[in-house]
Amino acid sequence: MSMGAPLVALLTDFGTRDWYAAVLKAVVLCRCPGARFIDITHEVPPQDTVAGAFILAAAVPWFPRGTVFLAVVDPGVGSRRGIVAAKADHRYVVGPDNGLLTLTLQRAKRFTAVRLTNPRYWRTPVSATFQARDIMAPVAAFLASGGALTRLGAVLSHLRPLALPSVRQAGSTLRGQVVHIDAFGNLVTNLPASSLTAPRGSRGVAVRYKRRAVRVVSSYAAGGPSELVAVAGSLGLVELALRNGSAAWTFNAARGDEVEVRQA
Amino acid sequence: MSMGAPLVALLTDFGTRDWYAAVLKAVVLCRCPGARFIDITHEVPPQDTVAGAFILAAAVPWFPRGTVFLAVVDPGVGSRRGIVAAKADHRYVVGPDNGLLTLTLQRAKRFTAVRLTNPRYWRTPVSATFQARDIMAPVAAFLASGGALTRLGAVLSHLRPLALPSVRQAGSTLRGQVVHIDAFGNLVTNLPASSLTAPRGSRGVAVRYKRRAVRVVSSYAAGGPSELVAVAGSLGLVELALRNGSAAWTFNAARGDEVEVRQA
Amino acid sequence: MSMGAPLVALLTDFGTRDWYAAVLKAVVLCRCPGARFIDITHEVPPQDTVAGAFILAAAVPWFPRGTVFLAVVDPGVGSRRGIVAAKADHRYVVGPDNGLLTLTLQRAKRFTAVRLTNPRYWRTPVSATFQARDIMAPVAAFLASGGALTRLGAVLSHLRPLALPSVRQAGSTLRGQVVHIDAFGNLVTNLPASSLTAPRGSRGVAVRYKRRAVRVVSSYAAGGPSELVAVAGSLGLVELALRNGSAAWTFNAARGDEVEVRQA
């Protein structure tokens with residue numbers, strides 16, 4: 001646990017028009033009265049586990065030790081998919097076993113995951129339609145209060161993978177794709193930032209997007225007024241951006257668009 | 001009061017683009033420095049007291065004892081409608097007397113409401129346009145600090161009712177309507193969840209929406225790929241839903257649409 | 001410092017779909033574990049420093065002493081614009097030196113500003129694309145923890161001004177403009193509320209907007225059903241409003257629209 005009151009960070013696709021996210025917090029507070037909350041986002045596109053996994057994995061490493069993450073993007077609510085809790089690098093995550101947590105756990109140095117099977121730590125009765133409130137929030141409260149992970153259920157040897165696109169390599173060319181479009185309209189790709197560094201002796205790196213050569217620069221501000229540029233983004237991934245504009249809008253970008261990096 | 005710092009939960013139609021909701025919190029903090037906040041939502045459709053009342057009543061019972069709810073959907077700001085504070089099942093609510101609080105108070109086992117008339121607990125001067133900041137937030141801070149409800153004004157014997165639709169019964173048929181559309185596009189009706197349970201000896205229950213027979217299932221996930229189903233929702237009300245999709249979108253649903261439950 | 005845990009209030013144009021705002025908080029928490037957060041808004045229109053400055057200046061005076069404001073609307077991120085921290089009337093502000101903080105500081109009775117040059121209080125390495133996380137958030141945490149402003153860099157004698165429209169006066173006529181449209185569709189102008197008070201001996205005040213005479217009333221509710229009215233708003237500025245409706249929508253209003261007040 002970090003100093004101060006327990007910290008619970010939430011990521012859901014519930015939106016903020018409705019009471020759902022607030023009720024998760026209320027349930028946590030009933031069992032862990034000192035809890036504090038940070039909303040990562042409640043605007044994951046509905047049921048989009050890939051987007052949720054990406055945002056969660058990007059956010060988690062910045063939080064203090066002891067933070068409990070409650071992540072709910074759960075198309076299978078009420079079905080037989082499992083629910084998991086895990087300890088990863090001194091932080092905790094709770095969510096459905098549908099790939100949502102996988103990126104986060106893969107990036108951790110070490111983790112232990114359990115399948116939630118012990119109803120002692122749940123609300124009763126458990127509704128079919130809102131297991132986040134009835135199972136996940138009480139378990140998050142239990143962990144935030146210092147409870148032991150292994151009391152929640154049996155250790156899992158295997159989590160369901162996330163169906164993320166992979167980067168393809170052909171000779172000196174990497175082909176990735178836009179995996180996320182951020183609030184500024186920047187295009188986040190699955191290409192590693194290191195791919196923008198030209199190897200010794202090479203003539204440089206060529207980036208292409210939509211048949212367009214994209215200049216590699218060191219910061220967004222180094223771009224020309226309406227020039228699409230490629231930067232090593234803060235996530236360790238290649239991002240395409242327009243200075244003072246939305247690359248997504250200007251180039252009609254969509255998740256899945258191909259982005260190519262070639263070492264010339 | 002519950003353990004821990006005082007808890008103030010907010011529901012407004014202020015949106016989150018502007019500073020209004022933050023200023024309510026700032027005013028509370030100036031008078032109750034230890035307050036913690038939970039946002040239920042600030043996206044009640046502007047001036048829609050019915051939607052606000054519905055969301056508030058759904059959220060309140062989940063919160064710890066001692067929580068103070070500050071609810072502001074107030075088309076009559078600056079007019080002569082009253083402002084009330086109430087204690088209901090060990091929680092407090094503050095808001096305009098325009099029906100917004102009525103559902104919440106009706107669902108409570110017992111409540112006491114007062115009309116806010118004692119300016120000692122308000123900011124001065126009171127503006128005509130922002131009484132939430134100048135009257136309601138200071139009063140919420142007073143209650144969150146442990147102040148006594150009855151110092152705020154005279155006890156009210158009667159609150160203004162909310163103009164909610166009622167369920168009509170004709171023989172074995174109940175006719176209700178969609179009263180709320182949630183973030184997933186599920187249709188929340190005013191029909192009680194218990195109406196989905198077939199009485200002993202009957203042949204079952206038939207649900208109809210837009211001339212369509214709707215199958216009754218036990219969880220969202222039990223529906224077919226594009227099948228509209230009826231479930232007993234987590235609010236104790238009948239909900240219509242599409243597994244992995246938006247019922248609202250697919251069926252072009254709107255608040256007020258008729259939904260029928262017949263015991264065959 | 002106020003009583004209770006340190007308070008950090010945030011205003012950004014990051015939106016709430018992404019993890020950016022949450023990561024600012026996470027970075028603050030790693031260095032100031034007891035910090036509490038209030039979101040003013042994360043929906044400043046992207047890169048719109050004027051809108052951001054307006055919202056920030058309106059919100060700041062309501063907060064308790066000791067509050068630290070972290071304000072990020074920063075089209076020049078990664079360029080050579082400076083970053084500043086300031087103490088103003090017992091509160092602190094941290095943000096880019098691009099005019100965003102200027103209105104707030106001008107309204108303060110006194111302030112001291114420094115340019116952030118001492119990397120000892122930053123994260124390392126500092127990324128080119130996310131200086132809010134790497135410089136501003138750590139500095140906000142330092143101030144929230146009680147650190148001394150003057151350790152952060154040299155005192156600035158001059159901040160970059162904000163390119164705000166000014167009110168023009170011609171005889172007894174003031175010509176201002178819509179500078180902000182709030183969540184209810186009310187039109188906030190840059191005309192002082194005092195201009196609505198007719199001087200002794202005058203015949204009154206005439207307000208015009210889009211060739212339309214606008215009646216001056218004391219509260220929104222005093223307007224007719226679809227009558228545009230002018231009120232002295234809670235910011236000390238003239239606002240144009242429709243009772244129970246959106247003036248912005250009905251009159252197709254936009255920031256920059258001219259509004260005239262004449263003392264007849």
# chains A, B, ... in the order shown; residues from 1 in each chain; ligands from 1
>>> interface_residues(of="chain A", to="chain B", cutoff="8 Å", atoms="only C-alpha atoms", output="list of chain:residue names")
A:Phe14, A:Gly15, A:Thr16, A:Arg17, A:Asp18, A:Trp19, A:Tyr20, A:Ala21, A:Ala22, A:Val23, A:Lys25, A:Ala26, A:Val27, A:Leu29, A:Cys30, A:Pro33, A:Gly34, A:Pro46, A:Gln47, A:Pro75, A:Gly76, A:Val77, A:Gly78, A:Ser79, A:Ser127, A:Ala128, A:Thr129, A:Phe130
>>> write_last_selection(atoms="N, CA and C atoms", output="JSON list (two decimals), in the first residue's frame")
[["chain", "number", "residue", "atom", "x", "y", "z"],
["A", 14, "PHE", "N", -19.00, 2.59, -19.40],
["A", 14, "PHE", "CA", -20.33, 2.92, -18.90],
["A", 14, "PHE", "C", -20.81, 4.31, -19.34],
["A", 15, "GLY", "N", -19.91, 5.14, -19.82],
["A", 15, "GLY", "CA", -20.29, 6.53, -20.06],
["A", 15, "GLY", "C", -20.46, 7.25, -18.74],
["A", 16, "THR", "N", -20.78, 8.55, -18.83],
["A", 16, "THR", "CA", -20.94, 9.34, -17.61],
["A", 16, "THR", "C", -22.33, 9.96, -17.54],
["A", 17, "ARG", "N", -23.23, 9.54, -18.44],
["A", 17, "ARG", "CA", -24.60, 10.07, -18.39],
["A", 17, "ARG", "C", -25.41, 9.35, -17.32],
["A", 18, "ASP", "N", -25.01, 8.14, -17.04],
["A", 18, "ASP", "CA", -25.81, 7.29, -16.19],
["A", 18, "ASP", "C", -25.15, 7.13, -14.82],
["A", 19, "TRP", "N", -25.78, 6.40, -13.93],
["A", 19, "TRP", "CA", -25.32, 6.27, -12.56],
["A", 19, "TRP", "C", -24.38, 5.09, -12.37],
["A", 20, "TYR", "N", -24.08, 4.34, -13.43],
["A", 20, "TYR", "CA", -23.35, 3.09, -13.24],
["A", 20, "TYR", "C", -21.98, 3.26, -12.59],
["A", 21, "ALA", "N", -21.20, 4.20, -13.11],
["A", 21, "ALA", "CA", -19.85, 4.35, -12.56],
["A", 21, "ALA", "C", -19.91, 4.81, -11.11],
["A", 22, "ALA", "N", -20.85, 5.71, -10.81],
["A", 22, "ALA", "CA", -20.96, 6.20, -9.44],
["A", 22, "ALA", "C", -21.33, 5.07, -8.48],
["A", 23, "VAL", "N", -22.15, 4.15, -8.95],
["A", 23, "VAL", "CA", -22.57, 3.06, -8.06],
["A", 23, "VAL", "C", -21.41, 2.11, -7.78],
["A", 25, "LYS", "N", -18.42, 3.09, -7.35],
["A", 25, "LYS", "CA", -17.69, 3.79, -6.28],
["A", 25, "LYS", "C", -18.45, 3.68, -4.96],
["A", 26, "ALA", "N", -19.76, 3.81, -5.01],
["A", 26, "ALA", "CA", -20.56, 3.73, -3.79],
["A", 26, "ALA", "C", -20.39, 2.37, -3.13],
["A", 27, "VAL", "N", -20.39, 1.31, -3.94],
["A", 27, "VAL", "CA", -20.23, -0.04, -3.39],
["A", 27, "VAL", "C", -18.84, -0.20, -2.77],
["A", 29, "LEU", "N", -17.08, 2.22, -1.48],
["A", 29, "LEU", "CA", -17.05, 3.04, -0.26],
["A", 29, "LEU", "C", -17.77, 2.37, 0.91],
["A", 30, "CYS", "N", -18.82, 1.61, 0.61],
["A", 30, "CYS", "CA", -19.53, 0.92, 1.70],
["A", 30, "CYS", "C", -18.64, -0.10, 2.39],
["A", 33, "PRO", "N", -14.39, 2.55, 3.46],
["A", 33, "PRO", "CA", -14.88, 3.93, 3.56],
["A", 33, "PRO", "C", -13.83, 4.99, 3.24],
["A", 34, "GLY", "N", -12.57, 4.66, 3.35],
["A", 34, "GLY", "CA", -11.54, 5.68, 3.10],
["A", 34, "GLY", "C", -11.08, 5.74, 1.65],
["A", 46, "PRO", "N", -18.30, 1.40, -26.36],
["A", 46, "PRO", "CA", -19.03, 0.29, -25.75],
["A", 46, "PRO", "C", -18.55, -1.08, -26.22],
["A", 47, "GLN", "N", -18.19, -1.91, -25.25],
["A", 47, "GLN", "CA", -17.83, -3.31, -25.48],
["A", 47, "GLN", "C", -16.55, -3.49, -26.30],
["A", 75, "PRO", "N", -18.46, -7.42, -22.66],
["A", 75, "PRO", "CA", -19.57, -7.86, -23.51],
["A", 75, "PRO", "C", -20.20, -9.16, -23.03],
["A", 76, "GLY", "N", -19.45, -9.94, -22.25],
["A", 76, "GLY", "CA", -19.96, -11.26, -21.87],
["A", 76, "GLY", "C", -20.60, -11.29, -20.50],
["A", 77, "VAL", "N", -20.97, -10.12, -19.95],
["A", 77, "VAL", "CA", -21.54, -10.12, -18.60],
["A", 77, "VAL", "C", -22.71, -11.11, -18.50],
["A", 78, "GLY", "N", -22.68, -11.91, -17.47],
["A", 78, "GLY", "CA", -23.75, -12.87, -17.26],
["A", 78, "GLY", "C", -23.49, -14.21, -17.94],
["A", 79, "SER", "N", -22.51, -14.28, -18.84],
["A", 79, "SER", "CA", -22.16, -15.55, -19.48],
["A", 79, "SER", "C", -21.12, -16.26, -18.61],
["A", 127, "SER", "N", -26.48, -10.05, -9.36],
["A", 127, "SER", "CA", -27.39, -9.91, -10.50],
["A", 127, "SER", "C", -26.74, -10.46, -11.75],
["A", 128, "ALA", "N", -27.56, -10.81, -12.72],
["A", 128, "ALA", "CA", -27.01, -11.31, -13.98],
["A", 128, "ALA", "C", -26.46, -10.17, -14.83],
["A", 129, "THR", "N", -26.96, -8.97, -14.62],
["A", 129, "THR", "CA", -26.64, -7.89, -15.55],
["A", 129, "THR", "C", -25.60, -6.90, -15.04],
["A", 130, "PHE", "N", -25.23, -6.98, -13.78],
["A", 130, "PHE", "CA", -24.31, -5.95, -13.27],
["A", 130, "PHE", "C", -23.30, -6.58, -12.30]]
>>> residues_around(residues="Thr124 (chain A)", least_positions_apart="3", cutoff="12 Å", atoms="only C-alpha atoms", output="NGL selection string")
:A and (119-121 or 127-128 or 130-131 or 133-135 or 138)
>>> atom_distance(atom1="CA of Leu105 (chain A)", atom2="CA of Tyr92 (chain A)")
10.0 Å
>>> atom_distance(atom1="CA of Glu227 (chain A)", atom2="CA of Gln177 (chain A)")
19.6 Å
>>> residues_around(residues="Asn118 (chain C)", least_positions_apart="3", cutoff="12 Å", atoms="only C-alpha atoms", output="PyMOL selection string")
chain C and resi 83-85+114-115+121-123+135-136+138-139+149-154
>>> select_by_dssp(residues="region 76-235 of chain A", states="strand (DSSP E or B)", output="ChimeraX atom specification")
/A:83-88,91-96,111-115,155,168-170,173-181,187-192,205-209,212-216,228-232
>>> atom_distance(atom1="CA of Val126 (chain B)", atom2="CA of Arg107 (chain C)")
21.6 Å
>>> closest_residue(among="C:Asn252, C:Ser145, C:Ser195, C:Thr189", to="Ser166 (chain C)", atoms="only C-alpha atoms")
C:Thr189
>>> closest_residue(among="A:Leu242, A:Leu156, A:Ala144, A:Ala247", to="Cys32 (chain A)", atoms="only C-alpha atoms")
A:Ala144
>>> select_by_dssp(residues="region 98-242 of chain B", states="alpha helix (DSSP H)", output="PyMOL selection string")
chain B and resi 102-107+131+137-144
>>> residues_around(residues="Val188 (chain B)", least_positions_apart="4", cutoff="7 Å", atoms="only C-alpha atoms", output="number ranges by chain")
B: 178-181, 237-240
